[in-house]
$ cat my_file.cif   # mmCIF, C-alpha atoms
data_run
#
loop_
_atom_site.group_PDB
_atom_site.id
_atom_site.type_symbol
_atom_site.label_atom_id
_atom_site.label_comp_id
_atom_site.auth_asym_id
_atom_site.auth_seq_id
_atom_site.Cartn_x
_atom_site.Cartn_y
_atom_site.Cartn_z
ATOM 1 C CA MET A 1 -7.266 52.043 -12.847
ATOM 2 C CA GLY A 2 -5.013 49.408 -11.471
ATOM 3 C CA ARG A 3 -4.379 46.265 -13.460
ATOM 4 C CA GLN A 4 -6.901 43.515 -12.656
ATOM 5 C CA SER A 5 -5.383 40.457 -11.115
ATOM 6 C CA ARG A 6 -5.636 37.334 -13.210
ATOM 7 C CA PRO A 7 -7.026 34.117 -11.726
ATOM 8 C CA ARG A 8 -4.229 32.039 -10.299
ATOM 9 C CA ARG A 9 -3.300 29.171 -12.586
ATOM 10 C CA LYS A 10 -3.175 25.723 -11.093
ATOM 11 C CA LYS A 11 0.386 24.406 -11.065
ATOM 12 C CA LYS A 12 1.100 21.299 -13.098
ATOM 13 C CA ASN A 13 1.289 18.940 -10.122
ATOM 14 C CA GLU A 14 -1.129 20.820 -7.891
ATOM 15 C CA ARG A 15 -4.261 18.928 -6.950
ATOM 16 C CA LEU A 16 -7.570 20.300 -5.765
ATOM 17 C CA SER A 17 -8.666 18.960 -2.396
ATOM 18 C CA VAL A 18 -11.225 16.208 -2.970
ATOM 19 C CA PRO A 19 -14.340 16.577 -0.774
ATOM 20 C CA LEU A 20 -14.972 13.662 1.586
ATOM 21 C CA LYS A 21 -18.499 13.129 0.238
ATOM 22 C CA LEU A 22 -17.076 12.727 -3.248
ATOM 23 C CA LYS A 23 -14.446 10.264 -2.024
ATOM 24 C CA ASP A 24 -17.144 8.205 -0.314
ATOM 25 C CA ARG A 25 -19.021 7.851 -3.607
ATOM 26 C CA LEU A 26 -16.109 7.598 -6.003
ATOM 27 C CA TYR A 27 -13.363 5.603 -4.308
ATOM 28 C CA PRO A 28 -15.313 2.399 -3.488
ATOM 29 C CA ALA A 29 -16.648 2.257 -7.052
ATOM 30 C CA VAL A 30 -13.150 2.621 -8.510
ATOM 31 C CA LEU A 31 -11.701 -0.091 -6.267
ATOM 32 C CA LYS A 32 -14.611 -2.422 -7.012
ATOM 33 C CA LEU A 33 -14.094 -2.027 -10.762
ATOM 34 C CA PHE A 34 -10.318 -2.448 -10.655
ATOM 35 C CA SER A 35 -10.561 -5.457 -8.335
ATOM 36 C CA ARG A 36 -12.860 -7.241 -10.803
ATOM 37 C CA LYS A 37 -11.354 -6.268 -14.150
ATOM 38 C CA ASP A 38 -7.941 -5.764 -15.709
ATOM 39 C CA ALA A 39 -6.827 -2.136 -15.713
ATOM 40 C CA TYR A 40 -7.264 -1.664 -19.468
ATOM 41 C CA GLN A 41 -10.901 -2.780 -19.212
ATOM 42 C CA VAL A 42 -11.825 0.029 -16.819
ATOM 43 C CA SER A 43 -12.738 3.355 -18.416
ATOM 44 C CA MET A 44 -13.608 6.737 -17.006
ATOM 45 C CA ASN A 45 -17.111 6.234 -18.400
ATOM 46 C CA SER A 46 -17.553 3.018 -16.421
ATOM 47 C CA ILE A 47 -16.202 4.743 -13.308
ATOM 48 C CA SER A 48 -18.709 7.558 -13.779
ATOM 49 C CA LYS A 49 -21.581 5.119 -14.364
ATOM 50 C CA ASN A 50 -20.777 2.923 -11.349
ATOM 51 C CA SER A 51 -20.108 5.774 -8.945
ATOM 52 C CA GLY A 52 -22.875 8.105 -10.065
ATOM 53 C CA VAL A 53 -20.315 10.912 -10.321
ATOM 54 C CA SER A 54 -20.292 12.881 -13.556
ATOM 55 C CA LEU A 55 -17.263 12.810 -15.839
ATOM 56 C CA GLY A 56 -16.935 16.570 -15.485
ATOM 57 C CA THR A 57 -16.659 16.284 -11.705
ATOM 58 C CA ILE A 58 -14.131 13.449 -11.908
ATOM 59 C CA TYR A 59 -11.935 15.346 -14.366
ATOM 60 C CA LYS A 60 -12.140 18.426 -12.157
ATOM 61 C CA TYR A 61 -10.033 16.582 -9.587
ATOM 62 C CA PHE A 62 -8.195 13.886 -11.565
ATOM 63 C CA ALA A 63 -6.379 14.116 -14.885
ATOM 64 C CA SER A 64 -6.906 10.460 -15.860
ATOM 65 C CA LYS A 65 -8.069 7.110 -14.558
ATOM 66 C CA GLU A 66 -4.447 6.335 -13.611
ATOM 67 C CA ASP A 67 -4.234 9.579 -11.661
ATOM 68 C CA LEU A 68 -7.466 8.671 -9.859
ATOM 69 C CA LEU A 69 -6.378 5.110 -9.149
ATOM 70 C CA PHE A 70 -2.902 6.032 -7.908
ATOM 71 C CA THR A 71 -4.367 8.705 -5.638
ATOM 72 C CA ILE A 72 -6.676 6.137 -4.046
ATOM 73 C CA ILE A 73 -3.837 3.648 -3.565
ATOM 74 C CA GLU A 74 -1.595 6.373 -2.125
ATOM 75 C CA GLU A 75 -4.230 7.408 0.415
ATOM 76 C CA ASN A 76 -4.727 3.800 1.473
ATOM 77 C CA LEU A 77 -0.978 3.317 1.881
ATOM 78 C CA GLU A 78 -0.864 6.436 4.041
ATOM 79 C CA GLU A 79 -3.631 5.004 6.233
ATOM 80 C CA LEU A 80 -1.803 1.670 6.463
ATOM 81 C CA GLY A 81 1.397 3.493 7.465
ATOM 82 C CA ARG A 82 -0.497 5.385 10.159
ATOM 83 C CA LEU A 83 -1.909 2.142 11.594
ATOM 84 C CA ILE A 84 1.512 0.483 11.528
ATOM 85 C CA ARG A 85 3.104 3.334 13.471
ATOM 86 C CA ILE A 86 0.356 3.161 16.115
ATOM 87 C CA HIS A 87 0.696 -0.599 16.609
ATOM 88 C CA LEU A 88 4.492 -0.610 16.762
ATOM 89 C CA GLN A 89 4.684 1.848 19.648
ATOM 90 C CA GLY A 90 6.533 0.418 22.635
ATOM 91 C CA LEU A 91 7.858 -2.726 20.916
ATOM 92 C CA GLU A 92 11.594 -3.372 21.282
ATOM 93 C CA SER A 93 12.124 -6.852 19.834
ATOM 94 C CA ALA A 94 12.834 -6.768 16.091
ATOM 95 C CA LYS A 95 11.047 -10.095 15.696
ATOM 96 C CA GLU A 96 7.898 -8.796 17.376
ATOM 97 C CA ILE A 97 8.092 -5.518 15.448
ATOM 98 C CA LEU A 98 8.269 -7.422 12.172
ATOM 99 C CA ARG A 99 5.491 -9.790 13.265
ATOM 100 C CA LYS A 100 3.259 -6.841 14.161
ATOM 101 C CA LEU A 101 4.203 -4.968 10.984
ATOM 102 C CA LEU A 102 3.104 -7.913 8.837
ATOM 103 C CA TRP A 103 0.023 -8.553 10.986
ATOM 104 C CA VAL A 104 -1.188 -4.947 10.677
ATOM 105 C CA THR A 105 -0.519 -5.066 6.931
ATOM 106 C CA MET A 106 -2.482 -8.285 6.395
ATOM 107 C CA ASP A 107 -5.274 -7.217 8.726
ATOM 108 C CA PHE A 108 -5.619 -3.994 6.736
ATOM 109 C CA TYR A 109 -5.908 -5.935 3.474
ATOM 110 C CA ASP A 110 -8.347 -8.424 5.048
ATOM 111 C CA LYS A 111 -10.575 -5.461 5.902
ATOM 112 C CA ASN A 112 -10.000 -3.827 2.500
ATOM 113 C CA PRO A 113 -9.843 -6.738 0.016
ATOM 114 C CA ASN A 114 -10.495 -4.554 -3.029
ATOM 115 C CA VAL A 115 -7.443 -2.486 -2.105
ATOM 116 C CA ALA A 116 -5.343 -5.661 -1.820
ATOM 117 C CA ILE A 117 -6.484 -7.011 -5.193
ATOM 118 C CA THR A 118 -6.107 -3.670 -6.948
ATOM 119 C CA ALA A 119 -2.702 -2.815 -5.460
ATOM 120 C CA PHE A 120 -1.066 -6.228 -5.885
ATOM 121 C CA ILE A 121 -2.796 -7.761 -8.889
ATOM 122 C CA THR A 122 -4.517 -5.337 -11.273
ATOM 123 C CA LEU A 123 -2.502 -2.144 -10.799
ATOM 124 C CA PRO A 124 -0.623 -1.213 -14.016
ATOM 125 C CA LEU A 125 2.796 -1.857 -12.492
ATOM 126 C CA ARG A 126 4.980 -0.201 -15.116
ATOM 127 C CA THR A 127 3.139 3.110 -14.727
ATOM 128 C CA TRP A 128 2.905 2.734 -10.938
ATOM 129 C CA MET A 129 6.693 2.252 -10.700
ATOM 130 C CA GLN A 130 7.161 5.728 -12.143
ATOM 131 C CA GLN A 131 5.237 7.303 -9.251
ATOM 132 C CA ASP A 132 6.994 8.618 -6.147
ATOM 133 C CA GLU A 133 4.537 6.694 -3.981
ATOM 134 C CA PHE A 134 5.802 3.379 -5.385
ATOM 135 C CA ARG A 135 9.000 3.806 -3.367
ATOM 136 C CA ASP A 136 6.912 4.345 -0.231
ATOM 137 C CA ARG A 137 9.626 6.354 1.533
ATOM 138 C CA LYS A 138 7.556 6.797 4.693
ATOM 139 C CA ILE A 139 7.829 3.151 5.682
ATOM 140 C CA LYS A 140 11.622 3.222 5.379
ATOM 141 C CA ALA A 141 11.890 4.760 8.845
ATOM 142 C CA ILE A 142 10.081 1.715 10.239
ATOM 143 C CA PHE A 143 12.465 -0.669 8.462
ATOM 144 C CA LEU A 144 15.468 1.284 9.761
ATOM 145 C CA ASP A 145 14.119 0.992 13.300
ATOM 146 C CA ILE A 146 13.737 -2.778 12.888
ATOM 147 C CA ILE A 147 17.310 -3.080 11.582
ATOM 148 C CA ASN A 148 18.837 -0.936 14.329
ATOM 149 C CA LYS A 149 17.033 -2.733 17.154
ATOM 150 C CA GLY A 150 17.515 -6.165 15.613
ATOM 151 C CA ILE A 151 21.263 -5.836 15.130
ATOM 152 C CA ARG A 152 21.680 -4.249 18.565
ATOM 153 C CA ASN A 153 19.768 -7.135 20.192
ATOM 154 C CA GLY A 154 21.524 -9.806 18.133
ATOM 155 C CA GLU A 155 18.243 -10.790 16.441
ATOM 156 C CA LEU A 156 19.145 -9.870 12.879
ATOM 157 C CA ASP A 157 21.887 -10.780 10.459
ATOM 158 C CA THR A 158 24.426 -7.942 10.611
ATOM 159 C CA GLN A 159 24.652 -7.992 6.815
ATOM 160 C CA ILE A 160 21.001 -7.061 6.377
ATOM 161 C CA ASP A 161 20.299 -3.618 4.953
ATOM 162 C CA ILE A 162 17.190 -1.583 4.366
ATOM 163 C CA ARG A 163 16.817 -2.626 0.739
ATOM 164 C CA ARG A 164 16.905 -6.308 1.621
ATOM 165 C CA ILE A 165 14.404 -6.046 4.473
ATOM 166 C CA GLN A 166 12.119 -3.880 2.330
ATOM 167 C CA ASP A 167 12.342 -6.359 -0.552
ATOM 168 C CA ILE A 168 11.512 -9.290 1.723
ATOM 169 C CA TYR A 169 8.536 -7.434 3.235
ATOM 170 C CA TYR A 170 7.031 -6.765 -0.196
ATOM 171 C CA MET A 171 7.907 -10.272 -1.381
ATOM 172 C CA ILE A 172 5.888 -11.669 1.531
ATOM 173 C CA CYS A 173 2.982 -9.318 0.804
ATOM 174 C CA TYR A 174 2.912 -10.196 -2.892
ATOM 175 C CA ARG A 175 3.181 -13.938 -2.307
ATOM 176 C CA MET A 176 0.539 -14.095 0.408
ATOM 177 C CA ILE A 177 -1.958 -11.929 -1.458
ATOM 178 C CA HIS A 178 -1.422 -13.678 -4.805
ATOM 179 C CA THR A 179 -1.905 -17.116 -3.210
ATOM 180 C CA TRP A 180 -4.970 -15.936 -1.270
ATOM 181 C CA TYR A 181 -6.520 -14.475 -4.429
ATOM 182 C CA TYR A 182 -5.672 -17.478 -6.630
ATOM 183 C CA PHE A 183 -7.449 -19.861 -4.268
ATOM 184 C CA GLY A 184 -10.592 -17.730 -4.103
ATOM 185 C CA MET A 185 -9.848 -15.741 -0.934
ATOM 186 C CA ARG A 186 -11.027 -18.660 1.201
ATOM 187 C CA TRP A 187 -9.006 -17.709 4.268
ATOM 188 C CA LYS A 188 -7.922 -14.634 6.186
ATOM 189 C CA LEU A 189 -4.490 -13.270 5.382
ATOM 190 C CA VAL A 190 -3.708 -12.856 9.084
ATOM 191 C CA ASP A 191 -4.437 -16.540 9.682
ATOM 192 C CA ALA A 192 -2.000 -17.562 6.943
ATOM 193 C CA LEU A 193 0.598 -15.226 8.456
ATOM 194 C CA LYS A 194 0.308 -16.937 11.856
ATOM 195 C CA LYS A 195 1.180 -20.267 10.244
ATOM 196 C CA ASP A 196 4.090 -18.976 8.168
ATOM 197 C CA PHE A 197 5.707 -16.221 10.223
ATOM 198 C CA ASP A 198 8.388 -18.395 11.847
ATOM 199 C CA LEU A 199 9.433 -19.530 8.374
ATOM 200 C CA PHE A 200 9.584 -15.918 7.187
ATOM 201 C CA TRP A 201 11.644 -14.929 10.202
ATOM 202 C CA LYS A 202 14.432 -17.307 9.167
ATOM 203 C CA LEU A 203 15.103 -14.920 6.266
ATOM 204 C CA PHE A 204 16.196 -12.308 8.817
ATOM 205 C CA GLU A 205 17.974 -14.298 11.533
ATOM 206 C CA PRO A 206 21.771 -14.205 11.987
ATOM 207 C CA ARG A 207 23.489 -16.886 9.927
ATOM 208 C CA GLN A 208 25.000 -18.683 12.932
ATOM 209 C CA LYS A 209 21.533 -19.222 14.413
ATOM 210 C CA ILE A 210 20.300 -20.694 11.139
ATOM 211 C CA LYS A 211 23.266 -23.106 11.060
ATOM 212 C CA ASN A 212 22.534 -24.228 14.613
#

$ encode --input "my_file.cif" --output "structure tokens"
Amino acid sequence: MGRQSRPRRKKKNERLSVPLKLKDRLYPAVLKLFSRKDAYQVSMNSISKNSGVSLGTIYKYFASKEDLLFTIIEENLEELGRLIRIHLQGLESAKEILRKLLWVTMDFYDKNPNVAITAFITLPLRTWMQQDEFRDRKIKAIFLDIINKGIRNGELDTQIDIRRIQDIYYMICYRMIHTWYYFGMRWKLVDALKKDFDLFWKLFEPRQKIKN
């Protein structure tokens, strides 16, 4: 008789595909918990209780609560990136591209406040920084496009590089979301952006324009 084939072992970083029905039950419960409590206060037991999904089922797909949380954040960032790419189509002005980029970002977090709170306030940052998704490489192509068009059109400081523009983008996101959360989320993030965008844009303008 031929040798029986052994069941294929799951690779270390290989993840089972999570069924949509399970995501619909599990993900909102996780985001609700993490948006209302500090990360250390959320346990897998509380996730199971609030979602109605058994611990066995959760551990079938996720190795830990951090693994579960980071997966949810990653999927939301992918959706945000998809929306950004759709809305930026056809825009040529670096200023309008950046305005739209920030608008789509804030509109996304207005519609998904638990994602905003979890990603920018309660996420365990030290552990998150060790994940590949933290560097968010996919959005770099968008920043490069802004830089290339902006310098070509004379809209951007020629000294600006991708790290600086990326840092400023996340600085704006962090500041706006932290302020919004601190004051009880009493306004829409997109409305605050409308008031402050021209001030933000001065961070990107050529130095001679700023002097004038």

$ closest_residue --input "my_file.cif" --among "A:Val18, A:Ala29, A:Ile84, A:Ile139" --to "Thr71 of chain A" --atoms "only C-alpha atoms"
A:Val18

$ resolve_selection --input "my_file.cif" --expression "the PyMOL selection byres ((chain A and resi 112) around 12)" --output "list in words"
Pro28, Leu31, Lys32, Ser35, Ile73, Asn76, Leu77, Glu79, Leu80, Thr105, Met106, Asp107, Phe108, Tyr109, Asp110, Lys111, Pro113, Asn114, Val115, Ala116, Ile117, Thr118, Ala119, Lys188 and Leu189 of chain A

$ resolve_selection --input "my_file.cif" --expression "the PyMOL selection byres ((chain A and resi 50) around 9)" --output "number ranges by chain"
A: 26, 29-30, 33, 45-49, 51-53

$ resolve_selection --input "my_file.cif" --expression "the PyMOL selection byres ((chain A and resi 87-89) around 12)" --output "PyMOL selection string"
chain A and resi 80-86+90-105+107+142-143+145-146

$ residues_around --input "my_file.cif" --residues "Lys65 of chain A" --least-positions-apart "4" --cutoff "9 Å" --atoms "only C-alpha atoms" --output "list in words"
Val42, Ser43, Met44, Ile47, Leu69 and Phe70 of chain A

$ decode --input "my_file.cif" --residues "segment 37-185 of chain A" --atoms "C-alpha atoms" --output "mmCIF file, in the first residue's frame"
data_model
loop_
_atom_site.group_PDB
_atom_site.id
_atom_site.type_symbol
_atom_site.label_atom_id
_atom_site.label_comp_id
_atom_site.auth_asym_id
_atom_site.auth_seq_id
_atom_site.Cartn_x
_atom_site.Cartn_y
_atom_site.Cartn_z
ATOM 1 C CA LYS A 37 -12.050 50.215 27.417
ATOM 2 C CA ASP A 38 -8.267 50.231 27.547
ATOM 3 C CA ALA A 39 -6.701 47.330 25.665
ATOM 4 C CA TYR A 40 -5.584 45.472 28.798
ATOM 5 C CA GLN A 41 -9.164 45.481 30.111
ATOM 6 C CA VAL A 42 -10.500 43.545 27.122
ATOM 7 C CA SER A 43 -10.214 39.759 27.318
ATOM 8 C CA MET A 44 -11.037 36.985 24.908
ATOM 9 C CA ASN A 45 -13.768 35.914 27.328
ATOM 10 C CA SER A 46 -15.417 39.334 27.150
ATOM 11 C CA ILE A 47 -15.122 39.283 23.355
ATOM 12 C CA SER A 48 -16.798 35.876 23.270
ATOM 13 C CA LYS A 49 -19.558 36.994 25.650
ATOM 14 C CA ASN A 50 -20.317 40.236 23.786
ATOM 15 C CA SER A 51 -20.200 38.735 20.310
ATOM 16 C CA GLY A 52 -21.936 35.454 21.063
ATOM 17 C CA VAL A 53 -19.082 33.624 19.333
ATOM 18 C CA SER A 54 -17.519 30.751 21.243
ATOM 19 C CA LEU A 55 -13.895 30.912 22.350
ATOM 20 C CA GLY A 56 -13.163 27.787 20.333
ATOM 21 C CA THR A 57 -14.407 29.440 17.145
ATOM 22 C CA ILE A 58 -12.456 32.638 17.809
ATOM 23 C CA TYR A 59 -9.225 30.740 18.458
ATOM 24 C CA LYS A 60 -9.793 28.710 15.302
ATOM 25 C CA TYR A 61 -9.141 31.868 13.291
ATOM 26 C CA PHE A 62 -7.115 34.119 15.612
ATOM 27 C CA ALA A 63 -4.151 33.292 17.825
ATOM 28 C CA SER A 64 -4.810 36.049 20.386
ATOM 29 C CA LYS A 65 -6.876 39.141 21.053
ATOM 30 C CA GLU A 66 -4.059 41.229 19.531
ATOM 31 C CA ASP A 67 -4.123 39.085 16.405
ATOM 32 C CA LEU A 68 -7.897 39.567 16.189
ATOM 33 C CA LEU A 69 -7.718 43.304 16.801
ATOM 34 C CA PHE A 70 -4.889 43.942 14.339
ATOM 35 C CA THR A 71 -6.691 41.923 11.670
ATOM 36 C CA ILE A 72 -9.794 44.082 12.083
ATOM 37 C CA ILE A 73 -7.771 47.301 11.923
ATOM 38 C CA GLU A 74 -5.869 46.040 8.870
ATOM 39 C CA GLU A 75 -9.088 45.228 7.014
ATOM 40 C CA ASN A 76 -10.494 48.660 7.809
ATOM 41 C CA LEU A 77 -7.309 50.338 6.584
ATOM 42 C CA GLU A 78 -7.563 48.349 3.361
ATOM 43 C CA GLU A 79 -11.142 49.571 2.904
ATOM 44 C CA LEU A 80 -10.070 53.157 3.615
ATOM 45 C CA GLY A 81 -7.264 52.829 1.048
ATOM 46 C CA ARG A 82 -9.738 51.526 -1.523
ATOM 47 C CA LEU A 83 -12.067 54.494 -0.944
ATOM 48 C CA ILE A 84 -9.176 56.956 -1.162
ATOM 49 C CA ARG A 85 -8.042 55.567 -4.512
ATOM 50 C CA ILE A 86 -11.586 55.832 -5.903
ATOM 51 C CA HIS A 87 -12.036 59.450 -4.804
ATOM 52 C CA LEU A 88 -8.639 60.632 -6.027
ATOM 53 C CA GLN A 89 -9.201 59.508 -9.609
ATOM 54 C CA GLY A 90 -8.881 62.367 -12.081
ATOM 55 C CA LEU A 91 -7.490 64.956 -9.639
ATOM 56 C CA GLU A 92 -4.326 66.760 -10.754
ATOM 57 C CA SER A 93 -3.813 69.508 -8.170
ATOM 58 C CA ALA A 94 -1.716 68.337 -5.212
ATOM 59 C CA LYS A 95 -3.696 70.632 -2.924
ATOM 60 C CA GLU A 96 -7.012 69.133 -4.010
ATOM 61 C CA ILE A 97 -5.598 65.602 -3.830
ATOM 62 C CA LEU A 98 -4.467 66.206 -0.260
ATOM 63 C CA ARG A 99 -7.776 67.875 0.629
ATOM 64 C CA LYS A 100 -9.706 64.905 -0.763
ATOM 65 C CA LEU A 101 -7.342 62.409 0.874
ATOM 66 C CA LEU A 102 -7.964 63.957 4.296
ATOM 67 C CA TRP A 103 -11.692 64.367 3.624
ATOM 68 C CA VAL A 104 -12.130 60.694 2.686
ATOM 69 C CA THR A 105 -10.100 59.692 5.746
ATOM 70 C CA MET A 106 -12.169 61.790 8.158
ATOM 71 C CA ASP A 107 -15.446 60.828 6.512
ATOM 72 C CA PHE A 108 -14.508 57.165 6.924
ATOM 73 C CA TYR A 109 -13.811 57.669 10.633
ATOM 74 C CA ASP A 110 -17.014 59.714 11.064
ATOM 75 C CA LYS A 111 -18.923 56.718 9.703
ATOM 76 C CA ASN A 112 -16.845 54.248 11.740
ATOM 77 C CA PRO A 113 -16.188 56.019 15.073
ATOM 78 C CA ASN A 114 -15.281 52.822 16.923
ATOM 79 C CA VAL A 115 -12.543 52.204 14.360
ATOM 80 C CA ALA A 116 -11.222 55.747 14.877
ATOM 81 C CA ILE A 117 -11.169 55.436 18.672
ATOM 82 C CA THR A 118 -9.646 51.963 18.625
ATOM 83 C CA ALA A 119 -6.987 52.725 15.999
ATOM 84 C CA PHE A 120 -5.850 56.096 17.361
ATOM 85 C CA ILE A 121 -6.504 55.902 21.089
ATOM 86 C CA THR A 122 -6.787 52.407 22.581
ATOM 87 C CA LEU A 123 -4.652 50.326 20.217
ATOM 88 C CA PRO A 124 -1.563 48.930 22.023
ATOM 89 C CA LEU A 125 0.868 51.043 20.009
ATOM 90 C CA ARG A 126 4.116 49.299 20.908
ATOM 91 C CA THR A 127 2.790 45.946 19.682
ATOM 92 C CA TRP A 128 1.065 47.532 16.672
ATOM 93 C CA MET A 129 4.351 49.161 15.581
ATOM 94 C CA GLN A 130 5.857 45.704 15.181
ATOM 95 C CA GLN A 131 3.232 44.744 12.587
ATOM 96 C CA ASP A 132 3.839 45.174 8.859
ATOM 97 C CA GLU A 133 0.478 46.916 8.546
ATOM 98 C CA PHE A 134 1.668 49.750 10.809
ATOM 99 C CA ARG A 135 3.869 51.016 7.975
ATOM 100 C CA ASP A 136 0.844 51.014 5.666
ATOM 101 C CA ARG A 137 2.942 50.642 2.509
ATOM 102 C CA LYS A 138 -0.090 50.739 0.214
ATOM 103 C CA ILE A 139 -0.773 54.408 0.861
ATOM 104 C CA LYS A 140 2.809 55.358 -0.007
ATOM 105 C CA ALA A 141 1.953 55.277 -3.710
ATOM 106 C CA ILE A 142 -0.691 57.938 -3.068
ATOM 107 C CA PHE A 143 1.802 60.143 -1.211
ATOM 108 C CA LEU A 144 4.334 59.743 -4.030
ATOM 109 C CA ASP A 145 1.702 60.839 -6.540
ATOM 110 C CA ILE A 146 0.941 63.938 -4.453
ATOM 111 C CA ILE A 147 4.652 64.804 -4.240
ATOM 112 C CA ASN A 148 5.311 64.305 -7.953
ATOM 113 C CA LYS A 149 2.310 66.357 -9.072
ATOM 114 C CA GLY A 150 2.822 69.015 -6.416
ATOM 115 C CA ILE A 151 6.471 69.660 -7.228
ATOM 116 C CA ARG A 152 5.771 69.568 -10.968
ATOM 117 C CA ASN A 153 2.967 72.139 -10.564
ATOM 118 C CA GLY A 154 4.954 74.315 -8.161
ATOM 119 C CA GLU A 155 2.467 73.633 -5.341
ATOM 120 C CA LEU A 156 4.796 71.839 -2.953
ATOM 121 C CA ASP A 157 8.086 72.614 -1.285
ATOM 122 C CA THR A 158 10.769 70.890 -3.371
ATOM 123 C CA GLN A 159 12.426 69.678 -0.170
ATOM 124 C CA ILE A 160 9.410 67.620 0.858
ATOM 125 C CA ASP A 161 9.839 63.854 0.795
ATOM 126 C CA ILE A 162 7.541 60.922 1.319
ATOM 127 C CA ARG A 163 8.437 60.475 4.977
ATOM 128 C CA ARG A 164 7.621 64.084 5.784
ATOM 129 C CA ILE A 165 4.287 64.108 3.956
ATOM 130 C CA GLN A 166 3.357 60.760 5.515
ATOM 131 C CA ASP A 167 4.292 62.026 8.983
ATOM 132 C CA ILE A 168 2.219 65.183 8.540
ATOM 133 C CA TYR A 169 -0.792 63.181 7.308
ATOM 134 C CA TYR A 170 -0.742 60.945 10.388
ATOM 135 C CA MET A 171 -0.021 63.911 12.659
ATOM 136 C CA ILE A 172 -3.189 65.573 11.355
ATOM 137 C CA CYS A 173 -5.201 62.371 11.804
ATOM 138 C CA TYR A 174 -3.978 61.843 15.362
ATOM 139 C CA ARG A 175 -4.524 65.455 16.396
ATOM 140 C CA MET A 176 -7.997 65.762 14.906
ATOM 141 C CA ILE A 177 -9.226 62.448 16.290
ATOM 142 C CA HIS A 178 -7.717 62.995 19.750
ATOM 143 C CA THR A 179 -9.290 66.468 20.008
ATOM 144 C CA TRP A 180 -12.649 65.190 18.726
ATOM 145 C CA TYR A 181 -12.625 62.332 21.246
ATOM 146 C CA TYR A 182 -11.461 64.486 24.176
ATOM 147 C CA PHE A 183 -14.349 66.905 23.697
ATOM 148 C CA GLY A 184 -16.952 64.140 23.546
ATOM 149 C CA MET A 185 -17.190 63.695 19.764
#
